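J.: The structure's right below; bear with me while I get my questions together.
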Amino acid sequence: MQIKKTINEKTYVYDEKFFSGKKSLTINGKQLQLVGKKNFVDSETGEEYSVSGSFIKGITLNTKSEEIVLVKNKWYEWIVIILPIISIGVG
């Protein structure tokens with residue numbers, strides 16, 4: 001799953017592989033270094049980014065100074081997420 005969003009002239013690209021769990025974060029084309037399970041650091045500025053949430057809950061980047069919402073699910077998207085799970089359980 002790859003999420004790309006531009007906020008305040010910065011382009012954020014968050015990529016998370018579903019099966020392997022590999023994560024990457026790119027800001028304005030610059031790859032950030034993964035330092036924890038969901039923590040990234042910009043090697044030049046030293047700014048830390050923490051990723052919270054998931055595909056189902058929505059994904060947010062947190063820094064010391066701000067919170068950047070990359071994805072927030074709408075009410076109708078929950079139906080699209082839940083229906084396949086129900087059909088698998090019934091089937």
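Going through the structure tokens in order, the chains are called A, B, and so on, while each chain numbers its residues from 1 and the ligands are numbered from 1 in the order shown.
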DSSP on the backbone: which residues in chain A end up as helix (DSSP H, G or I)? Give the answer as a list in words.
T.: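 Matching residues, listed in order: Trp75, Tyr76, Glu77, Trp78, Ile79, Val80, Ile81, Ile82, Leu83, Pro84, Ile85, Ile86, Ser87, Ile88, Gly89 and Val90 of chain A.
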J.: Quick one: residues within 8 Å of A:Gln33, only C-alpha atoms, excluding same-chain residues fewer than 2 positions away - as an MDAnalysis selection string?
T.: chainID A and resid 24:25 31 35 40:43
J.: Among chain A, which ones does DSSP assign to strand (DSSP E) (computed from the backbone)? Answer as a ChimeraX atom specification.
T.: /A:2-7,10-16,23-27,30-31,33-34,39-41,48-54,58-62,67-71
J.: Would you please work out which residue, of A:Gly29, A:Glu48, A:Ile56, A:Glu9, is nearest to A:Val80 when using only C-alpha atoms?
T.: A:Ile56
J.: If we count only C-alpha atoms, what is near A:Gly21 at a cut-off of 12 Å, once residues fewer than 6 positions away on the same chain are taken out, given as a PyMOL selection string?
T.: chain A and resi 1+15+37-38+54
J.: Restricting the output to N, CA, C and O atoms, write the selected residues as a PDB file, in the first residue's frame.
T.:
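selection.pdb, freshly written:
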```pdb
ATOM      1  N   MET A   1       0.844  -1.149   0.000  1.00  0.00           N
ATOM      2  CA  MET A   1       0.000   0.000   0.000  1.00  0.00           C
ATOM      3  C   MET A   1       0.901   1.228   0.000  1.00  0.00           C
ATOM      4  O   MET A   1       1.827   1.331   0.787  1.00  0.00           O
ATOM      5  N   ASP A  15       5.008   4.094   2.248  1.00  0.00           N
ATOM      6  CA  ASP A  15       4.830   2.788   1.608  1.00  0.00           C
ATOM      7  C   ASP A  15       4.984   1.703   2.659  1.00  0.00           C
ATOM      8  O   ASP A  15       5.958   1.700   3.413  1.00  0.00           O
ATOM      9  N   LYS A  37      10.350   0.444  14.848  1.00  0.00           N
ATOM     10  CA  LYS A  37       9.281  -0.257  14.147  1.00  0.00           C
ATOM     11  C   LYS A  37       8.440   0.701  13.292  1.00  0.00           C
ATOM     12  O   LYS A  37       8.062   0.374  12.176  1.00  0.00           O
ATOM     13  N   LYS A  38       8.161   1.890  13.833  1.00  0.00           N
ATOM     14  CA  LYS A  38       7.367   2.883  13.099  1.00  0.00           C
ATOM     15  C   LYS A  38       7.951   4.283  13.238  1.00  0.00           C
ATOM     16  O   LYS A  38       7.231   5.265  13.214  1.00  0.00           O
ATOM     17  N   SER A  54      -3.081   2.603  10.917  1.00  0.00           N
ATOM     18  CA  SER A  54      -2.962   1.533   9.938  1.00  0.00           C
ATOM     19  C   SER A  54      -3.903   1.835   8.780  1.00  0.00           C
ATOM     20  O   SER A  54      -4.580   2.860   8.772  1.00  0.00           O
TER      21      SER A  54
END
```
J.: Using Å and a single decimal, report how far atom CA of A:Thr45 sits from atom CA of A:Lys64.
T.: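 A separation of 13.2 Å between them.
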J.: Quote the spacing between atom CA of A:Gly46 and atom CA of A:Val69 in Å to one decimal place.
T.: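 Atom CA of A:Val69 lies 20.9 Å from atom CA of A:Gly46.
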J.: Tell me, in Å to one decimal, how far atom CA of A:Thr6 is from atom CA of A:Tyr76.
T.: 23.6 Å
J.: A:Ile68: which residues within 9 Å, counting only C-alpha atoms, same-chain residues fewer than 4 positions away excluded, as a PyMOL selection string?
T.: chain A and resi 7+59-63
J.: Using N, CA, C and O atoms, can you write the selected residues to a file as a compact mmCIF listing (two decimals), in the first residue's frame?
T.:
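The resulting file, out04.txt, is reproduced below:
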```txt
# COMPACT_ATOMS: atom_id res chain seq x y z
N ILE A 7 1.15 18.30 1.32
CA ILE A 7 0.64 19.23 2.32
C ILE A 7 1.69 20.33 2.50
O ILE A 7 2.86 20.04 2.75
N ILE A 59 -3.78 6.76 8.67
CA ILE A 59 -2.35 6.89 8.94
C ILE A 59 -2.02 8.36 9.22
O ILE A 59 -2.41 9.25 8.47
N THR A 60 -1.28 8.56 10.33
CA THR A 60 -0.87 9.89 10.76
C THR A 60 0.62 9.92 11.02
O THR A 60 1.16 8.99 11.62
N LEU A 61 1.31 10.97 10.58
CA LEU A 61 2.71 11.20 10.90
C LEU A 61 2.77 12.21 12.04
O LEU A 61 2.13 13.26 11.98
N ASN A 62 3.54 11.89 13.07
CA ASN A 62 3.68 12.78 14.21
C ASN A 62 5.12 13.23 14.33
O ASN A 62 6.05 12.43 14.24
N THR A 63 5.30 14.54 14.52
CA THR A 63 6.61 15.12 14.81
C THR A 63 6.48 15.85 16.14
O THR A 63 5.40 15.89 16.73
```
J.: Pick out the closest residue to A:Val51 from this set: A:Lys5, A:Ser65, A:Lys17, A:Gly36. Count only C-alpha atoms.
T.: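 So, comparing all the options, the nearest one is A:Gly36.
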J.: Which residue is closest to A:Trp78? Choose from A:Gln2, A:Asn39, A:Tyr12, A:Lys57 and count only C-alpha atoms.
T.: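 Closest to A:Trp78 of all the choices is A:Lys57.
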J.: When you count only C-alpha atoms, which of these residues is closest to A:Val71: A:Leu34, A:Val90, A:Asn8, A:Tyr14?
T.: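 That would be A:Tyr14, the residue with the smallest distance to A:Val71.
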J.: Of the candidates A:Glu44, A:Ile81, A:Gly53, A:Leu70, which one gets nearest to A:Val13 if we count only C-alpha atoms?
T.: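 Of A:Glu44, A:Ile81, A:Gly53, A:Leu70, the one nearest A:Val13 is A:Leu70, counting only C-alpha atoms.
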